[in-house]
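Below is one structure; the comments refer to it alone.
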Amino acid sequence: MGSTVLTNEPKGGVLYLVATPIGNLGDLSQRAISLLSNVDLIAAEDTRVTLKLLNRFEIKKPLISYHEHNCKMAGEKIINELKVMRSVALVTDAGTPAISDPGEDVVKKCAMEGIDVVAVPGACAAVCALSLSALATARFCFEGFLPTDNSGRKKRLDALKTEDRTMIFYEAPHRLRKTLDSLLQSFGEDRKISLCRELTKLNEEVIRLSLKEAAELFSQREPKGEFVLVVEGAALDELKDDYSSISLDEHLQIYLDQGLSKMDAVKAVAKDRKLPKSEIYSALMVK
Ligand code: SAM
């Protein structure tokens, strides 16, 4: 087996994105411990949370805060440190930095400045939940948090009505009921969902049921802890019953994504909609 063991010694001028546990501290990798122990500086989303983790592993390092509200200024500070060849680790409260967490901006800035960024992978709630979901894993899309305002949420879910890949959502417990109701309205009651709760923690639980059952269950049960929602993608048969909900372009795209040629996709759309092929062609040409 060809594998490479890279040195765990941090290099000056490199930003390390260090994944931290999402619950079980045993998930902090040996490489992460080694890097955090040896970098010049650690940038943390919440320095109090990170300090607890560092104390647990007896790591003592200077910390600066880098979170969504100070990321512009703190990002510049990180870049300046990297430019004078200091090594910096970026960590968030839990999981992989830059995944629904601060980090995206500073990684973009590093890319623009030609500064090296190295990932030290580990826990990510989305991947952990997907693997446990018992839903299709070959193709999936990560949606993170849905917008909190009603119209933004509806718009996003409308755009996902024809999504045939498994979808992954993050949600806070106090918004879980509202989100389950919105998913039910947009995707219908039979769609499968796996609610992955408190992953890697003492009360870890995976609840696999339909959207209707999930909404009913949590109308009676208080949602507690952290949740990832993994939702089954749209079945083509389901769409066939309701072509009015999707545009011609979206309809065509479904077949193109399946690998059909443009001509065959037009034929299939015409058949589904019981329309002449020429009508589909001309509708698409006008655009
Ligand atoms: N960057 C993190 C990652 O890699 O997973 C995600 C951070 S995001 C701000 C926090 C969300 O991740 C939570 O609201 C929840 O949806 C999900 N999450 C984090 N830890 C979790 C856990 N132990 N069990 C279930 N979901 C979790």
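Lettering and numbering for the structure tokens are positional, with chains as A, B, ... in the shown order, residues counted from 1 in each chain, and ligands counted from 1 in the shown order.
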Let me see if you get this right: every residue at most 9 Å from ligand 1, counting only C-alpha atoms and all ligand atoms, written as number ranges by chain.
A: 19-24, 92-102, 122-129, 144-145, 169-173, 195-201, 204-205, 225-229
Give the strand (DSSP E) residues of range 92-274 of chain A, as DSSP finds them on the backbone, and put them as a ChimeraX atom specification.
/A:116-120,140-145,166-171,192-197,205-210,227-231
Using only C-alpha atoms, determine which residues lie at most 12 Å from Ala44 in chain A, disregarding the query and same-chain residues fewer than 2 positions distant; provide the list as a PyMOL selection string.
chain A and resi 16-20+36+41-42+46-54+61-68+70-71+74-75+78+88-94+97+101-103
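CA of Gly12 in chain A lies 18.3 Å from CA of Lys60 in chain A.
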Leaving out Glu250 in chain A and any residue of its chain fewer than 4 positions from it, which residues lie within 8 Å of it when counting only C-alpha atoms, given as an NGL selection string?
:A and (162 or 246 or 254)
Can you spit out the residues from that selection as a PDB file, in the first residue's frame, using all heavy atoms?
```
ATOM      1  N   THR A 162     -36.490  19.578  -6.968  1.00  0.00           N
ATOM      2  CA  THR A 162     -36.109  18.588  -7.978  1.00  0.00           C
ATOM      3  C   THR A 162     -34.734  17.987  -7.702  1.00  0.00           C
ATOM      4  O   THR A 162     -34.193  17.278  -8.547  1.00  0.00           O
ATOM      5  CB  THR A 162     -36.094  19.227  -9.383  1.00  0.00           C
ATOM      6  OG1 THR A 162     -35.184  20.323  -9.335  1.00  0.00           O
ATOM      7  CG2 THR A 162     -37.471  19.696  -9.789  1.00  0.00           C
ATOM      8  N   ILE A 246     -41.897  22.010 -11.899  1.00  0.00           N
ATOM      9  CA  ILE A 246     -40.526  22.276 -12.358  1.00  0.00           C
ATOM     10  C   ILE A 246     -40.553  22.906 -13.751  1.00  0.00           C
ATOM     11  O   ILE A 246     -41.472  22.682 -14.542  1.00  0.00           O
ATOM     12  CB  ILE A 246     -39.645  20.996 -12.355  1.00  0.00           C
ATOM     13  CG1 ILE A 246     -40.280  19.878 -13.212  1.00  0.00           C
ATOM     14  CG2 ILE A 246     -39.383  20.508 -10.961  1.00  0.00           C
ATOM     15  CD1 ILE A 246     -39.337  18.699 -13.421  1.00  0.00           C
ATOM     16  N   ILE A 254     -32.607  17.086 -15.481  1.00  0.00           N
ATOM     17  CA  ILE A 254     -32.685  15.793 -14.781  1.00  0.00           C
ATOM     18  C   ILE A 254     -32.172  14.681 -15.699  1.00  0.00           C
ATOM     19  O   ILE A 254     -31.371  13.842 -15.307  1.00  0.00           O
ATOM     20  CB  ILE A 254     -34.143  15.502 -14.348  1.00  0.00           C
ATOM     21  CG1 ILE A 254     -34.542  16.471 -13.230  1.00  0.00           C
ATOM     22  CG2 ILE A 254     -34.313  14.052 -13.892  1.00  0.00           C
ATOM     23  CD1 ILE A 254     -36.016  16.429 -12.877  1.00  0.00           C
TER      24      ILE A 254
END
```
If DSSP is run on the backbone, what residues of range 4-182 of chain A are helix (DSSP H, G or I)? A reply as a PyMOL selection string would be ideal.
chain A and resi 25-27+30-38+47-56+71-83+104-113+125-132+150-159+173-182
Expected file: the selected residues, C-alpha atoms, as a PDB file, in the first residue's frame:
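And here is the file that came out, out-v7.pdb:
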```pdb
ATOM      1  CA  LEU A  25     -12.449  14.046  22.463  1.00  0.00           C
ATOM      2  CA  GLY A  26     -10.890  10.773  21.330  1.00  0.00           C
ATOM      3  CA  ASP A  27     -11.549  11.949  17.773  1.00  0.00           C
ATOM      4  CA  GLN A  30      -2.540  12.470  16.672  1.00  0.00           C
ATOM      5  CA  ARG A  31      -1.533  14.798  13.849  1.00  0.00           C
ATOM      6  CA  ALA A  32      -3.886  17.524  15.113  1.00  0.00           C
ATOM      7  CA  ILE A  33      -2.419  17.245  18.638  1.00  0.00           C
ATOM      8  CA  SER A  34       1.089  17.425  17.268  1.00  0.00           C
ATOM      9  CA  LEU A  35       0.365  20.453  15.070  1.00  0.00           C
ATOM     10  CA  LEU A  36      -1.532  22.340  17.762  1.00  0.00           C
ATOM     11  CA  SER A  37       1.387  21.708  20.143  1.00  0.00           C
ATOM     12  CA  ASN A  38       3.942  23.074  17.697  1.00  0.00           C
ATOM     13  CA  THR A  47     -10.991  31.017  22.643  1.00  0.00           C
ATOM     14  CA  ARG A  48     -12.741  29.746  25.825  1.00  0.00           C
ATOM     15  CA  VAL A  49     -13.972  26.587  24.053  1.00  0.00           C
ATOM     16  CA  THR A  50     -10.554  25.960  22.491  1.00  0.00           C
ATOM     17  CA  LEU A  51      -8.742  26.620  25.755  1.00  0.00           C
ATOM     18  CA  LYS A  52     -10.687  23.763  27.360  1.00  0.00           C
ATOM     19  CA  LEU A  53      -9.642  21.421  24.536  1.00  0.00           C
ATOM     20  CA  LEU A  54      -6.010  22.552  24.728  1.00  0.00           C
ATOM     21  CA  ASN A  55      -5.943  22.124  28.522  1.00  0.00           C
ATOM     22  CA  ARG A  56      -7.299  18.592  28.139  1.00  0.00           C
ATOM     23  CA  CYS A  71     -13.183  37.801  10.475  1.00  0.00           C
ATOM     24  CA  LYS A  72     -12.105  40.791   8.359  1.00  0.00           C
ATOM     25  CA  MET A  73      -9.702  42.285  10.914  1.00  0.00           C
ATOM     26  CA  ALA A  74      -8.691  38.986  12.482  1.00  0.00           C
ATOM     27  CA  GLY A  75      -8.182  37.547   8.989  1.00  0.00           C
ATOM     28  CA  GLU A  76      -5.717  40.353   8.192  1.00  0.00           C
ATOM     29  CA  LYS A  77      -3.856  39.660  11.423  1.00  0.00           C
ATOM     30  CA  ILE A  78      -3.568  35.974  10.502  1.00  0.00           C
ATOM     31  CA  ILE A  79      -2.302  36.851   7.005  1.00  0.00           C
ATOM     32  CA  ASN A  80       0.305  39.219   8.495  1.00  0.00           C
ATOM     33  CA  GLU A  81       1.529  36.491  10.847  1.00  0.00           C
ATOM     34  CA  LEU A  82       1.788  34.065   7.918  1.00  0.00           C
ATOM     35  CA  LYS A  83       3.686  36.648   5.835  1.00  0.00           C
ATOM     36  CA  GLU A 104     -13.856  30.336   4.270  1.00  0.00           C
ATOM     37  CA  ASP A 105     -12.734  34.000   4.087  1.00  0.00           C
ATOM     38  CA  VAL A 106      -9.231  33.491   5.402  1.00  0.00           C
ATOM     39  CA  VAL A 107      -8.707  30.481   3.130  1.00  0.00           C
ATOM     40  CA  LYS A 108      -9.759  32.650   0.141  1.00  0.00           C
ATOM     41  CA  LYS A 109      -7.370  35.404   1.250  1.00  0.00           C
ATOM     42  CA  CYS A 110      -4.499  32.914   1.576  1.00  0.00           C
ATOM     43  CA  ALA A 111      -5.244  31.590  -1.919  1.00  0.00           C
ATOM     44  CA  MET A 112      -5.165  35.148  -3.299  1.00  0.00           C
ATOM     45  CA  GLU A 113      -1.872  35.934  -1.533  1.00  0.00           C
ATOM     46  CA  ALA A 125     -20.912  16.357  11.440  1.00  0.00           C
ATOM     47  CA  ALA A 126     -22.232  16.305   7.848  1.00  0.00           C
ATOM     48  CA  VAL A 127     -20.096  13.367   6.704  1.00  0.00           C
ATOM     49  CA  CYS A 128     -20.593  11.491   9.973  1.00  0.00           C
ATOM     50  CA  ALA A 129     -24.405  11.833   9.613  1.00  0.00           C
ATOM     51  CA  LEU A 130     -24.436  10.902   5.920  1.00  0.00           C
ATOM     52  CA  SER A 131     -22.533   7.701   6.610  1.00  0.00           C
ATOM     53  CA  LEU A 132     -25.068   6.749   9.301  1.00  0.00           C
ATOM     54  CA  ASN A 150     -39.655  32.429   5.927  1.00  0.00           C
ATOM     55  CA  SER A 151     -39.306  33.719   2.383  1.00  0.00           C
ATOM     56  CA  GLY A 152     -35.591  32.850   2.103  1.00  0.00           C
ATOM     57  CA  ARG A 153     -36.279  29.389   3.482  1.00  0.00           C
ATOM     58  CA  LYS A 154     -39.156  28.773   1.055  1.00  0.00           C
ATOM     59  CA  LYS A 155     -37.097  30.002  -1.892  1.00  0.00           C
ATOM     60  CA  ARG A 156     -34.214  27.669  -1.012  1.00  0.00           C
ATOM     61  CA  LEU A 157     -36.506  24.665  -0.507  1.00  0.00           C
ATOM     62  CA  ASP A 158     -38.363  25.414  -3.768  1.00  0.00           C
ATOM     63  CA  ALA A 159     -35.019  25.310  -5.560  1.00  0.00           C
ATOM     64  CA  PRO A 173     -32.632  22.447  18.184  1.00  0.00           C
ATOM     65  CA  HIS A 174     -34.902  25.491  18.702  1.00  0.00           C
ATOM     66  CA  ARG A 175     -35.597  25.648  14.948  1.00  0.00           C
ATOM     67  CA  LEU A 176     -35.961  21.904  14.337  1.00  0.00           C
ATOM     68  CA  ARG A 177     -39.770  21.798  14.440  1.00  0.00           C
ATOM     69  CA  LYS A 178     -40.121  24.695  12.021  1.00  0.00           C
ATOM     70  CA  THR A 179     -37.589  23.125   9.668  1.00  0.00           C
ATOM     71  CA  LEU A 180     -39.316  19.738   9.713  1.00  0.00           C
ATOM     72  CA  ASP A 181     -42.618  21.465   8.851  1.00  0.00           C
ATOM     73  CA  SER A 182     -40.981  23.364   5.989  1.00  0.00           C
TER      74      SER A 182
END
```
Nearest candidate to Ile168 in chain A (options A:Leu183, A:Ala215, A:Val230, A:Val84; using only C-alpha atoms)
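Between A:Leu183, A:Ala215, A:Val230, A:Val84, the residue approaching Ile168 in chain A most closely is A:Val230.
Taking CA of Lys262 in chain A and CA of Ser247 in chain A as the two end points, the separation is 16.1 Å.
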Expressed in Å to a single decimal, how great is the separation between CA of Leu160 in chain A and CA of Val266 in chain A?
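Interatomic distance here is 21.9 Å.
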